[in-house]
file target_31.cif (mmCIF, N, CA and C atoms)
data_structure
loop_
_atom_site.label_atom_id
_atom_site.label_comp_id
_atom_site.auth_asym_id
_atom_site.auth_seq_id
_atom_site.Cartn_x
_atom_site.Cartn_y
_atom_site.Cartn_z
N GLN A 103 -87.45 95.96 133.00
CA GLN A 103 -88.70 95.24 133.01
C GLN A 103 -88.46 93.84 133.56
N VAL A 104 -89.57 93.17 133.90
CA VAL A 104 -89.48 91.81 134.44
C VAL A 104 -90.34 90.87 133.62
N GLN A 105 -90.03 89.60 133.74
CA GLN A 105 -90.85 88.54 133.17
C GLN A 105 -91.44 87.75 134.33
N VAL A 106 -92.65 87.27 134.11
CA VAL A 106 -93.41 86.62 135.17
C VAL A 106 -93.92 85.28 134.66
N VAL A 107 -93.67 84.21 135.41
CA VAL A 107 -94.13 82.88 135.02
C VAL A 107 -94.77 82.21 136.23
N GLU A 108 -96.04 81.79 136.07
CA GLU A 108 -96.74 81.11 137.15
C GLU A 108 -96.62 79.60 137.01
N SER A 109 -96.74 78.91 138.14
CA SER A 109 -96.81 77.45 138.13
C SER A 109 -97.54 76.99 139.39
N GLY A 110 -97.92 75.71 139.40
CA GLY A 110 -98.50 75.14 140.60
C GLY A 110 -99.99 74.90 140.56
N GLY A 111 -100.64 75.25 139.47
CA GLY A 111 -102.07 75.01 139.40
C GLY A 111 -102.38 73.53 139.27
N GLY A 112 -103.67 73.19 139.38
CA GLY A 112 -104.07 71.80 139.26
C GLY A 112 -105.47 71.58 139.76
N LEU A 113 -105.81 70.33 139.95
CA LEU A 113 -107.13 69.91 140.43
C LEU A 113 -107.04 69.58 141.92
N VAL A 114 -107.95 70.13 142.71
CA VAL A 114 -107.94 69.88 144.15
C VAL A 114 -109.39 69.74 144.61
N GLN A 115 -109.59 68.94 145.64
CA GLN A 115 -110.94 68.74 146.17
C GLN A 115 -111.34 69.92 147.06
N PRO A 116 -112.62 70.16 147.20
CA PRO A 116 -113.08 71.21 148.13
C PRO A 116 -112.52 71.00 149.53
N GLY A 117 -112.08 72.08 150.14
CA GLY A 117 -111.45 72.00 151.44
C GLY A 117 -109.95 71.78 151.39
N GLY A 118 -109.44 71.50 150.21
CA GLY A 118 -108.01 71.24 150.06
C GLY A 118 -107.18 72.50 149.91
N SER A 119 -105.88 72.28 149.69
CA SER A 119 -104.93 73.38 149.58
C SER A 119 -104.10 73.25 148.32
N LEU A 120 -103.57 74.39 147.89
CA LEU A 120 -102.71 74.43 146.72
C LEU A 120 -101.80 75.64 146.88
N LYS A 121 -100.56 75.54 146.39
CA LYS A 121 -99.63 76.66 146.46
C LYS A 121 -99.16 77.01 145.06
N LEU A 122 -99.39 78.24 144.67
CA LEU A 122 -98.94 78.73 143.38
C LEU A 122 -97.62 79.46 143.55
N THR A 123 -96.79 79.37 142.52
CA THR A 123 -95.50 80.05 142.51
C THR A 123 -95.42 81.00 141.33
N CYS A 124 -94.85 82.16 141.56
CA CYS A 124 -94.62 83.16 140.52
C CYS A 124 -93.11 83.41 140.45
N GLN A 125 -92.52 83.02 139.35
CA GLN A 125 -91.07 83.19 139.18
C GLN A 125 -90.82 84.51 138.44
N LEU A 126 -89.90 85.31 138.98
CA LEU A 126 -89.60 86.63 138.44
C LEU A 126 -88.19 86.65 137.87
N THR A 127 -88.06 87.17 136.66
CA THR A 127 -86.74 87.37 136.07
C THR A 127 -86.68 88.77 135.49
N GLY A 128 -85.47 89.24 135.24
CA GLY A 128 -85.29 90.56 134.69
C GLY A 128 -84.52 91.46 135.65
N TRP A 129 -84.61 92.75 135.40
CA TRP A 129 -83.84 93.72 136.17
C TRP A 129 -84.54 94.09 137.47
N ASN A 130 -83.88 93.85 138.61
CA ASN A 130 -84.33 94.26 139.94
C ASN A 130 -85.77 93.83 140.24
N PRO A 131 -86.11 92.56 140.06
CA PRO A 131 -87.50 92.13 140.24
C PRO A 131 -88.01 92.29 141.66
N ASN A 132 -87.11 92.29 142.65
CA ASN A 132 -87.56 92.37 144.03
C ASN A 132 -88.18 93.73 144.37
N ALA A 133 -87.91 94.74 143.57
CA ALA A 133 -88.48 96.06 143.81
C ALA A 133 -89.94 96.16 143.36
N TYR A 134 -90.38 95.23 142.56
CA TYR A 134 -91.74 95.26 142.03
C TYR A 134 -92.71 94.68 143.05
N SER A 135 -93.86 95.30 143.17
CA SER A 135 -94.92 94.64 143.93
C SER A 135 -95.55 93.56 143.05
N ILE A 136 -96.10 92.56 143.69
CA ILE A 136 -96.68 91.41 143.00
C ILE A 136 -98.14 91.27 143.36
N GLY A 137 -98.94 91.03 142.36
CA GLY A 137 -100.37 90.79 142.58
C GLY A 137 -100.77 89.45 142.00
N TRP A 138 -101.68 88.79 142.69
CA TRP A 138 -102.30 87.57 142.16
C TRP A 138 -103.74 87.92 141.77
N PHE A 139 -104.10 87.52 140.59
CA PHE A 139 -105.42 87.76 140.05
C PHE A 139 -106.02 86.43 139.61
N ARG A 140 -107.32 86.42 139.42
CA ARG A 140 -107.96 85.23 138.89
C ARG A 140 -109.11 85.62 137.98
N GLN A 141 -109.39 84.73 137.04
CA GLN A 141 -110.50 84.97 136.11
C GLN A 141 -111.24 83.66 135.89
N ALA A 142 -112.48 83.65 136.31
CA ALA A 142 -113.35 82.50 136.09
C ALA A 142 -114.08 82.68 134.77
N PRO A 143 -114.56 81.60 134.16
CA PRO A 143 -115.26 81.70 132.87
C PRO A 143 -116.44 82.67 132.95
N GLY A 144 -116.48 83.60 132.02
CA GLY A 144 -117.59 84.54 131.96
C GLY A 144 -117.53 85.67 132.97
N LYS A 145 -116.42 85.76 133.72
CA LYS A 145 -116.30 86.80 134.74
C LYS A 145 -115.09 87.69 134.47
N GLU A 146 -115.12 88.87 135.10
CA GLU A 146 -113.99 89.78 135.00
C GLU A 146 -112.80 89.25 135.80
N ARG A 147 -111.61 89.67 135.39
CA ARG A 147 -110.42 89.32 136.14
C ARG A 147 -110.40 90.13 137.43
N GLU A 148 -110.22 89.46 138.56
CA GLU A 148 -110.25 90.15 139.85
C GLU A 148 -108.94 89.94 140.61
N GLY A 149 -108.54 90.96 141.34
CA GLY A 149 -107.37 90.85 142.18
C GLY A 149 -107.72 90.16 143.48
N VAL A 150 -106.89 89.23 143.94
CA VAL A 150 -107.16 88.53 145.19
C VAL A 150 -106.12 88.80 146.27
N ALA A 151 -104.88 89.09 145.88
CA ALA A 151 -103.83 89.34 146.88
C ALA A 151 -102.70 90.13 146.24
N ALA A 152 -102.04 90.93 147.06
CA ALA A 152 -100.88 91.70 146.57
C ALA A 152 -99.88 91.86 147.70
N ILE A 153 -98.60 91.98 147.30
CA ILE A 153 -97.53 92.18 148.27
C ILE A 153 -96.58 93.23 147.72
N SER A 154 -96.09 94.08 148.60
CA SER A 154 -95.24 95.19 148.17
C SER A 154 -93.85 94.70 147.77
N GLY A 155 -93.08 95.60 147.17
CA GLY A 155 -91.69 95.32 146.85
C GLY A 155 -90.82 95.27 148.09
N SER A 156 -89.57 94.86 147.90
CA SER A 156 -88.67 94.65 149.04
C SER A 156 -88.41 95.93 149.82
N GLN A 157 -88.54 97.09 149.20
CA GLN A 157 -88.25 98.34 149.87
C GLN A 157 -89.34 98.74 150.85
N ASP A 158 -90.45 98.03 150.85
CA ASP A 158 -91.61 98.38 151.68
C ASP A 158 -91.97 97.27 152.65
N GLU A 159 -91.03 96.40 152.94
CA GLU A 159 -91.15 95.38 153.99
C GLU A 159 -92.29 94.39 153.76
N GLY A 160 -92.64 94.15 152.51
CA GLY A 160 -93.58 93.07 152.22
C GLY A 160 -94.97 93.24 152.78
N ARG A 161 -95.51 94.45 152.72
CA ARG A 161 -96.90 94.65 153.14
C ARG A 161 -97.83 93.92 152.19
N THR A 162 -98.97 93.47 152.72
CA THR A 162 -99.90 92.67 151.93
C THR A 162 -101.31 93.22 152.01
N THR A 163 -102.11 92.83 151.03
CA THR A 163 -103.54 93.12 151.05
C THR A 163 -104.26 91.98 150.36
N TYR A 164 -105.54 91.78 150.73
CA TYR A 164 -106.34 90.68 150.19
C TYR A 164 -107.75 91.16 149.86
N SER A 165 -108.35 90.49 148.91
CA SER A 165 -109.77 90.74 148.66
C SER A 165 -110.59 90.07 149.76
N ASP A 166 -111.79 90.54 149.95
CA ASP A 166 -112.64 89.97 150.99
C ASP A 166 -112.96 88.50 150.71
N SER A 167 -113.00 88.13 149.45
CA SER A 167 -113.39 86.77 149.08
C SER A 167 -112.35 85.72 149.49
N VAL A 168 -111.10 86.13 149.72
CA VAL A 168 -110.06 85.16 150.05
C VAL A 168 -109.40 85.43 151.40
N LYS A 169 -109.73 86.55 152.02
CA LYS A 169 -109.09 86.92 153.28
C LYS A 169 -109.28 85.82 154.32
N GLY A 170 -108.21 85.43 154.96
CA GLY A 170 -108.26 84.36 155.96
C GLY A 170 -108.05 82.97 155.39
N ARG A 171 -108.08 82.85 154.06
CA ARG A 171 -107.88 81.53 153.42
C ARG A 171 -106.63 81.49 152.56
N PHE A 172 -106.30 82.62 151.93
CA PHE A 172 -105.14 82.70 151.06
C PHE A 172 -104.05 83.53 151.74
N THR A 173 -102.79 83.18 151.44
CA THR A 173 -101.65 83.92 151.98
C THR A 173 -100.65 84.18 150.86
N ILE A 174 -100.31 85.44 150.68
CA ILE A 174 -99.31 85.82 149.69
C ILE A 174 -97.99 86.05 150.40
N SER A 175 -96.90 85.64 149.77
CA SER A 175 -95.57 85.84 150.33
C SER A 175 -94.56 85.92 149.20
N ARG A 176 -93.33 86.25 149.54
CA ARG A 176 -92.29 86.29 148.52
C ARG A 176 -90.96 85.93 149.14
N ASP A 177 -90.09 85.40 148.30
CA ASP A 177 -88.71 85.06 148.69
C ASP A 177 -87.80 85.86 147.77
N ASN A 178 -87.21 86.91 148.30
CA ASN A 178 -86.41 87.79 147.45
C ASN A 178 -85.08 87.18 147.04
N ILE A 179 -84.62 86.17 147.76
CA ILE A 179 -83.40 85.48 147.35
C ILE A 179 -83.68 84.60 146.13
N LYS A 180 -84.78 83.88 146.18
CA LYS A 180 -85.17 83.04 145.04
C LYS A 180 -85.83 83.84 143.93
N LYS A 181 -86.22 85.09 144.22
CA LYS A 181 -86.94 85.93 143.25
C LYS A 181 -88.25 85.26 142.85
N GLU A 182 -88.98 84.84 143.85
CA GLU A 182 -90.26 84.18 143.64
C GLU A 182 -91.32 84.78 144.57
N ALA A 183 -92.55 84.67 144.15
CA ALA A 183 -93.69 85.03 144.99
C ALA A 183 -94.62 83.83 145.02
N TYR A 184 -95.44 83.74 146.06
CA TYR A 184 -96.27 82.56 146.26
C TYR A 184 -97.69 82.96 146.65
N LEU A 185 -98.61 82.08 146.35
CA LEU A 185 -99.98 82.22 146.84
C LEU A 185 -100.38 80.88 147.44
N GLN A 186 -100.40 80.83 148.76
CA GLN A 186 -100.86 79.64 149.46
C GLN A 186 -102.38 79.72 149.59
N MET A 187 -103.06 78.74 149.06
CA MET A 187 -104.52 78.75 149.05
C MET A 187 -105.02 77.58 149.89
N ASP A 188 -105.73 77.88 150.95
CA ASP A 188 -106.29 76.87 151.84
C ASP A 188 -107.82 76.94 151.84
N SER A 189 -108.44 75.89 152.33
CA SER A 189 -109.90 75.83 152.41
C SER A 189 -110.53 76.20 151.07
N LEU A 190 -110.03 75.62 150.03
CA LEU A 190 -110.49 75.96 148.69
C LEU A 190 -111.94 75.53 148.48
N GLN A 191 -112.65 76.35 147.72
CA GLN A 191 -114.05 76.12 147.42
C GLN A 191 -114.24 76.10 145.91
N SER A 192 -115.36 75.57 145.48
CA SER A 192 -115.62 75.50 144.04
C SER A 192 -115.58 76.89 143.39
N GLU A 193 -115.97 77.91 144.16
CA GLU A 193 -115.98 79.28 143.63
C GLU A 193 -114.57 79.81 143.36
N ASP A 194 -113.55 79.12 143.87
CA ASP A 194 -112.17 79.54 143.63
C ASP A 194 -111.64 79.02 142.29
N THR A 195 -112.42 78.22 141.60
CA THR A 195 -112.00 77.71 140.30
C THR A 195 -111.84 78.85 139.32
N ALA A 196 -110.65 78.95 138.73
CA ALA A 196 -110.34 80.04 137.82
C ALA A 196 -108.94 79.84 137.25
N VAL A 197 -108.61 80.66 136.27
CA VAL A 197 -107.22 80.79 135.85
C VAL A 197 -106.59 81.87 136.74
N TYR A 198 -105.48 81.53 137.34
CA TYR A 198 -104.80 82.45 138.25
C TYR A 198 -103.58 83.05 137.56
N TYR A 199 -103.47 84.37 137.69
CA TYR A 199 -102.40 85.11 137.05
C TYR A 199 -101.54 85.83 138.10
N CYS A 200 -100.27 85.89 137.82
CA CYS A 200 -99.35 86.70 138.61
C CYS A 200 -99.00 87.93 137.78
N ALA A 201 -98.87 89.08 138.45
CA ALA A 201 -98.55 90.31 137.75
C ALA A 201 -97.60 91.16 138.59
N ALA A 202 -96.83 92.01 137.92
CA ALA A 202 -95.84 92.83 138.61
C ALA A 202 -96.07 94.31 138.31
N ASP A 203 -95.92 95.12 139.35
CA ASP A 203 -96.10 96.57 139.25
C ASP A 203 -94.77 97.25 139.57
N TRP A 204 -94.20 97.95 138.61
CA TRP A 204 -92.87 98.55 138.79
C TRP A 204 -92.88 99.67 139.82
N GLN A 205 -94.05 100.22 140.12
CA GLN A 205 -94.11 101.30 141.10
C GLN A 205 -94.17 100.78 142.53
N GLY A 206 -94.26 99.46 142.70
CA GLY A 206 -94.20 98.88 144.04
C GLY A 206 -95.42 99.14 144.90
N ARG A 207 -96.56 99.45 144.31
CA ARG A 207 -97.76 99.79 145.08
C ARG A 207 -98.46 98.54 145.61
N ILE A 208 -99.20 98.71 146.69
CA ILE A 208 -100.07 97.65 147.19
C ILE A 208 -101.44 97.89 146.56
N THR A 209 -101.75 97.13 145.55
CA THR A 209 -102.98 97.39 144.82
C THR A 209 -103.56 96.11 144.24
N LEU A 210 -104.87 96.04 144.21
CA LEU A 210 -105.57 94.93 143.57
C LEU A 210 -106.24 95.38 142.27
N ALA A 211 -105.88 96.56 141.82
CA ALA A 211 -106.46 97.09 140.58
C ALA A 211 -105.71 96.53 139.38
N ARG A 212 -106.42 95.90 138.52
CA ARG A 212 -105.81 95.25 137.36
C ARG A 212 -104.99 96.22 136.53
N ASN A 213 -105.49 97.42 136.33
CA ASN A 213 -104.82 98.38 135.46
C ASN A 213 -103.52 98.92 136.02
N ASP A 214 -103.23 98.65 137.29
CA ASP A 214 -101.97 99.11 137.88
C ASP A 214 -100.80 98.22 137.52
N TYR A 215 -101.09 97.06 136.93
CA TYR A 215 -100.03 96.10 136.62
C TYR A 215 -99.82 96.05 135.11
N ILE A 216 -98.55 96.02 134.69
CA ILE A 216 -98.28 95.98 133.26
C ILE A 216 -97.54 94.72 132.85
N TYR A 217 -96.98 93.97 133.81
CA TYR A 217 -96.27 92.73 133.47
C TYR A 217 -97.09 91.56 133.99
N TRP A 218 -97.46 90.67 133.07
CA TRP A 218 -98.37 89.57 133.40
C TRP A 218 -97.80 88.25 132.94
N GLY A 219 -98.13 87.20 133.71
CA GLY A 219 -97.82 85.86 133.27
C GLY A 219 -98.94 85.30 132.40
N GLN A 220 -98.77 84.05 131.98
CA GLN A 220 -99.73 83.41 131.09
C GLN A 220 -100.89 82.77 131.85
N GLY A 221 -100.74 82.60 133.14
CA GLY A 221 -101.82 82.04 133.94
C GLY A 221 -101.66 80.55 134.18
N THR A 222 -102.25 80.09 135.27
CA THR A 222 -102.26 78.66 135.61
C THR A 222 -103.65 78.29 136.10
N GLN A 223 -104.16 77.17 135.62
CA GLN A 223 -105.54 76.78 135.93
C GLN A 223 -105.63 76.13 137.31
N VAL A 224 -106.59 76.59 138.10
CA VAL A 224 -106.92 75.97 139.38
C VAL A 224 -108.37 75.51 139.31
N THR A 225 -108.58 74.23 139.54
CA THR A 225 -109.93 73.66 139.52
C THR A 225 -110.21 73.00 140.85
N VAL A 226 -111.28 73.44 141.49
CA VAL A 226 -111.69 72.87 142.77
C VAL A 226 -112.96 72.07 142.53
N SER A 227 -112.84 70.76 142.65
CA SER A 227 -113.96 69.89 142.34
C SER A 227 -113.79 68.55 143.03
N ALA A 228 -114.93 67.95 143.40
CA ALA A 228 -114.88 66.63 144.00
C ALA A 228 -114.79 65.56 142.91
#
call {"tool": "encode", "arguments": {"input": "target_31.cif", "output": "structure tokens"}}
result
Amino acid sequence: QVQVVESGGGLVQPGGSLKLTCQLTGWNPNAYSIGWFRQAPGKEREGVAAISGSQDEGRTTYSDSVKGRFTISRDNIKKEAYLQMDSLQSEDTAVYYCAADWQGRITLARNDYIYWGQGTQVTVSA
């Protein structure tokens, strides 16, 4: 199993950028696919980006709401995954979570992930 810890959240103005980091520890973390999710107050947790495990050459997928603005990546040497968020809007305000899927799938389905971090707050406001 793996442990997942997010960092990098904060307050940013509309149009600004922020980069979140997901640190992975445990056995063979690079084989796990990684998903970034977010949950705004009063809303369901939604998947925004995912990247496959190292055995699948880092394929990615994005939700329509962030496509073209967010970029997911990973560094298998550092055992970290990242979410680069550009052109941030007030609607992007949420708690952002990193999650790991041991089956290495490219998926934005919440139920496919069993290892979750505690979340990091992102607030987009002037």
call {"tool": "resolve_selection", "arguments": {"input": "target_31.cif", "expression": "the PyMOL selection byres ((chain A and resi 217) around 6)", "output": "list in words"}}
result
Cys200, Ala201, Ala202, Asp203, Tyr215, Ile216, Trp218 and Gly219 of chain A
call {"tool": "residues_around", "arguments": {"input": "target_31.cif", "residues": "A:Leu126", "least_positions_apart": "6", "cutoff": "7 Å", "atoms": "only N, CA and C atoms", "output": "VMD selection string"}}
result
chain A and resid 104 to 107 180 to 183
call {"tool": "atom_distance", "arguments": {"input": "target_31.cif", "atom1": "atom N of A:Gln220", "atom2": "atom C of A:Gly111"}}
result
13.3 Å
call {"tool": "residues_around", "arguments": {"input": "target_31.cif", "residues": "A:Lys145", "least_positions_apart": "5", "cutoff": "12 Å", "atoms": "only C-alpha atoms", "output": "PyMOL selection string"}}
result
chain A and resi 140+193+195-197
call {"tool": "residues_near_point", "arguments": {"input": "target_31.cif", "point": "(-96.2, 88.4, 149.2)", "cutoff": "7 Å", "atoms": "only C-alpha atoms", "output": "number ranges by chain"}}
result
A: 136, 152-154, 160, 162, 174-176, 183-184
call {"tool": "select_by_dssp", "arguments": {"input": "target_31.cif", "residues": "stretch 145-226 of chain A", "states": "strand (DSSP E or B)", "output": "ChimeraX atom specification"}}
result
/A:148-153,162-164,172-177,182-187,196-203,217-218,222-226
call {"tool": "write_last_selection", "arguments": {"input": "target_31.cif", "atoms": "N, CA and C atoms", "output": "tab-separated table (two decimals), in the frame of the given file"}}
result
chain	number	residue	atom	x	y	z
A	148	GLU	N	-110.22	89.46	138.56
A	148	GLU	CA	-110.25	90.15	139.85
A	148	GLU	C	-108.94	89.94	140.61
A	149	GLY	N	-108.54	90.96	141.34
A	149	GLY	CA	-107.37	90.85	142.18
A	149	GLY	C	-107.72	90.16	143.48
A	150	VAL	N	-106.89	89.23	143.94
A	150	VAL	CA	-107.16	88.53	145.19
A	150	VAL	C	-106.12	88.80	146.27
A	151	ALA	N	-104.88	89.09	145.88
A	151	ALA	CA	-103.83	89.34	146.88
A	151	ALA	C	-102.70	90.13	146.24
A	152	ALA	N	-102.04	90.93	147.06
A	152	ALA	CA	-100.88	91.70	146.57
A	152	ALA	C	-99.88	91.86	147.70
A	153	ILE	N	-98.60	91.98	147.30
A	153	ILE	CA	-97.53	92.18	148.27
A	153	ILE	C	-96.58	93.23	147.72
A	162	THR	N	-98.97	93.47	152.72
A	162	THR	CA	-99.90	92.67	151.93
A	162	THR	C	-101.31	93.22	152.01
A	163	THR	N	-102.11	92.83	151.03
A	163	THR	CA	-103.54	93.12	151.05
A	163	THR	C	-104.26	91.98	150.36
A	164	TYR	N	-105.54	91.78	150.73
A	164	TYR	CA	-106.34	90.68	150.19
A	164	TYR	C	-107.75	91.16	149.86
A	172	PHE	N	-106.30	82.62	151.93
A	172	PHE	CA	-105.14	82.70	151.06
A	172	PHE	C	-104.05	83.53	151.74
A	173	THR	N	-102.79	83.18	151.44
A	173	THR	CA	-101.65	83.92	151.98
A	173	THR	C	-100.65	84.18	150.86
A	174	ILE	N	-100.31	85.44	150.68
A	174	ILE	CA	-99.31	85.82	149.69
A	174	ILE	C	-97.99	86.05	150.40
A	175	SER	N	-96.90	85.64	149.77
A	175	SER	CA	-95.57	85.84	150.33
A	175	SER	C	-94.56	85.92	149.20
A	176	ARG	N	-93.33	86.25	149.54
A	176	ARG	CA	-92.29	86.29	148.52
A	176	ARG	C	-90.96	85.93	149.14
A	177	ASP	N	-90.09	85.40	148.30
A	177	ASP	CA	-88.71	85.06	148.69
A	177	ASP	C	-87.80	85.86	147.77
A	182	GLU	N	-88.98	84.84	143.85
A	182	GLU	CA	-90.26	84.18	143.64
A	182	GLU	C	-91.32	84.78	144.57
A	183	ALA	N	-92.55	84.67	144.15
A	183	ALA	CA	-93.69	85.03	144.99
A	183	ALA	C	-94.62	83.83	145.02
A	184	TYR	N	-95.44	83.74	146.06
A	184	TYR	CA	-96.27	82.56	146.26
A	184	TYR	C	-97.69	82.96	146.65
A	185	LEU	N	-98.61	82.08	146.35
A	185	LEU	CA	-99.98	82.22	146.84
A	185	LEU	C	-100.38	80.88	147.44
A	186	GLN	N	-100.40	80.83	148.76
A	186	GLN	CA	-100.86	79.64	149.46
A	186	GLN	C	-102.38	79.72	149.59
A	187	MET	N	-103.06	78.74	149.06
A	187	MET	CA	-104.52	78.75	149.05
A	187	MET	C	-105.02	77.58	149.89
A	196	ALA	N	-110.65	78.95	138.73
A	196	ALA	CA	-110.34	80.04	137.82
A	196	ALA	C	-108.94	79.84	137.25
A	197	VAL	N	-108.61	80.66	136.27
A	197	VAL	CA	-107.22	80.79	135.85
A	197	VAL	C	-106.59	81.87	136.74
A	198	TYR	N	-105.48	81.53	137.34
A	198	TYR	CA	-104.80	82.45	138.25
A	198	TYR	C	-103.58	83.05	137.56
A	199	TYR	N	-103.47	84.37	137.69
A	199	TYR	CA	-102.40	85.11	137.05
A	199	TYR	C	-101.54	85.83	138.10
A	200	CYS	N	-100.27	85.89	137.82
A	200	CYS	CA	-99.35	86.70	138.61
A	200	CYS	C	-99.00	87.93	137.78
A	201	ALA	N	-98.87	89.08	138.45
A	201	ALA	CA	-98.55	90.31	137.75
A	201	ALA	C	-97.60	91.16	138.59
A	202	ALA	N	-96.83	92.01	137.92
A	202	ALA	CA	-95.84	92.83	138.61
A	202	ALA	C	-96.07	94.31	138.31
A	203	ASP	N	-95.92	95.12	139.35
A	203	ASP	CA	-96.10	96.57	139.25
A	203	ASP	C	-94.77	97.25	139.57
A	217	TYR	N	-96.98	93.97	133.81
A	217	TYR	CA	-96.27	92.73	133.47
A	217	TYR	C	-97.09	91.56	133.99
A	218	TRP	N	-97.46	90.67	133.07
A	218	TRP	CA	-98.37	89.57	133.40
A	218	TRP	C	-97.80	88.25	132.94
A	222	THR	N	-102.25	80.09	135.27
A	222	THR	CA	-102.26	78.66	135.61
A	222	THR	C	-103.65	78.29	136.10
A	223	GLN	N	-104.16	77.17	135.62
A	223	GLN	CA	-105.54	76.78	135.93
A	223	GLN	C	-105.63	76.13	137.31
A	224	VAL	N	-106.59	76.59	138.10
A	224	VAL	CA	-106.92	75.97	139.38
A	224	VAL	C	-108.37	75.51	139.31
A	225	THR	N	-108.58	74.23	139.54
A	225	THR	CA	-109.93	73.66	139.52
A	225	THR	C	-110.21	73.00	140.85
A	226	VAL	N	-111.28	73.44	141.49
A	226	VAL	CA	-111.69	72.87	142.77
A	226	VAL	C	-112.96	72.07	142.53
call {"tool": "closest_residue", "arguments": {"input": "target_31.cif", "among": "A:Asn130, A:Asp188, A:Gly144, A:Gln115", "to": "A:Gly170", "atoms": "all atoms listed in the file"}}
result
A:Asp188
call {"tool": "residues_around", "arguments": {"input": "target_31.cif", "residues": "A:Leu190", "least_positions_apart": "3", "cutoff": "6 Å", "atoms": "all atoms listed in the file", "output": "ChimeraX atom specification"}}
result
/A:115-119,187
call {"tool": "select_by_dssp", "arguments": {"input": "target_31.cif", "residues": "chain A", "states": "helix (DSSP H, G or I)", "output": "MDAnalysis selection string"}}
result
chainID A and resid 131:133 156:158 192:194 212:214
call {"tool": "atom_distance", "arguments": {"input": "target_31.cif", "atom1": "atom C of A:Tyr164", "atom2": "atom CA of A:Leu113"}}
result
23.3 Å
call {"tool": "atom_distance", "arguments": {"input": "target_31.cif", "atom1": "atom CA of A:Gln205", "atom2": "atom CA of A:Tyr134"}}
result
6.6 Å
call {"tool": "residues_around", "arguments": {"input": "target_31.cif", "residues": "A:Ser192", "least_positions_apart": "5", "cutoff": "8 Å", "atoms": "only C-alpha atoms", "output": "PyMOL selection string"}}
result
chain A and resi 116+225-227
call {"tool": "write_last_selection", "arguments": {"input": "target_31.cif", "atoms": "N, CA and C atoms", "output": "JSON list (two decimals), in the frame of the given file"}}
result
[["chain", "number", "residue", "atom", "x", "y", "z"],
["A", 116, "PRO", "N", -112.62, 70.16, 147.20],
["A", 116, "PRO", "CA", -113.08, 71.21, 148.13],
["A", 116, "PRO", "C", -112.52, 71.00, 149.53],
["A", 225, "THR", "N", -108.58, 74.23, 139.54],
["A", 225, "THR", "CA", -109.93, 73.66, 139.52],
["A", 225, "THR", "C", -110.21, 73.00, 140.85],
["A", 226, "VAL", "N", -111.28, 73.44, 141.49],
["A", 226, "VAL", "CA", -111.69, 72.87, 142.77],
["A", 226, "VAL", "C", -112.96, 72.07, 142.53],
["A", 227, "SER", "N", -112.84, 70.76, 142.65],
["A", 227, "SER", "CA", -113.96, 69.89, 142.34],
["A", 227, "SER", "C", -113.79, 68.55, 143.03]]
call {"tool": "residues_near_point", "arguments": {"input": "target_31.cif", "point": "(-101.0, 91.0, 145.1)", "cutoff": "7 Å", "atoms": "all atoms listed in the file", "output": "JSON, numbers by chain"}}
result
{"A": [135, 136, 137, 138, 139, 149, 150, 151, 152, 153, 154, 163, 209, 210]}
call {"tool": "resolve_selection", "arguments": {"input": "target_31.cif", "expression": "the PyMOL selection byres ((chain A and resi 133) around 6)", "output": "ChimeraX atom specification"}}
result
/A:130-132,134-135,155-157,204,206
call {"tool": "closest_residue", "arguments": {"input": "target_31.cif", "among": "A:Ala228, A:Glu148, A:Leu120, A:Gln125", "to": "A:Glu108", "atoms": "only C-alpha atoms"}}
result
A:Gln125
call {"tool": "closest_residue", "arguments": {"input": "target_31.cif", "among": "A:Gln186, A:Asp177, A:Pro143, A:Val224", "to": "A:Lys121", "atoms": "all atoms listed in the file"}}
result
A:Gln186
call {"tool": "decode", "arguments": {"input": "target_31.cif", "residues": "stretch 135-142 of chain A", "atoms": "N, CA, C and O atoms", "output": "CSV table (one decimal), in the first residue's frame"}}
result
chain,number,residue,atom,x,y,z
A,135,SER,N,-1.5,4.5,-10.4
A,135,SER,CA,-2.0,5.7,-11.0
A,135,SER,C,-2.4,6.7,-10.0
A,135,SER,O,-2.8,6.3,-8.9
A,136,ILE,N,-2.3,8.0,-10.3
A,136,ILE,CA,-2.6,9.1,-9.4
A,136,ILE,C,-3.8,9.9,-10.0
A,136,ILE,O,-3.8,10.3,-11.2
A,137,GLY,N,-4.7,10.2,-9.1
A,137,GLY,CA,-5.8,11.1,-9.5
A,137,GLY,C,-5.8,12.3,-8.6
A,137,GLY,O,-5.5,12.2,-7.4
A,138,TRP,N,-6.2,13.5,-9.2
A,138,TRP,CA,-6.4,14.7,-8.4
A,138,TRP,C,-7.9,14.9,-8.4
A,138,TRP,O,-8.6,14.9,-9.5
A,139,PHE,N,-8.5,15.2,-7.3
A,139,PHE,CA,-9.9,15.4,-7.1
A,139,PHE,C,-10.1,16.7,-6.3
A,139,PHE,O,-9.1,17.2,-5.7
A,140,ARG,N,-11.3,17.3,-6.4
A,140,ARG,CA,-11.6,18.5,-5.6
A,140,ARG,C,-13.0,18.4,-5.1
A,140,ARG,O,-13.9,17.8,-5.7
A,141,GLN,N,-13.2,19.1,-4.0
A,141,GLN,CA,-14.5,19.2,-3.4
A,141,GLN,C,-14.8,20.6,-2.9
A,141,GLN,O,-14.1,21.0,-2.0
A,142,ALA,N,-15.7,21.2,-3.5
A,142,ALA,CA,-16.2,22.6,-3.1
A,142,ALA,C,-17.3,22.4,-2.1
A,142,ALA,O,-18.0,21.4,-2.0
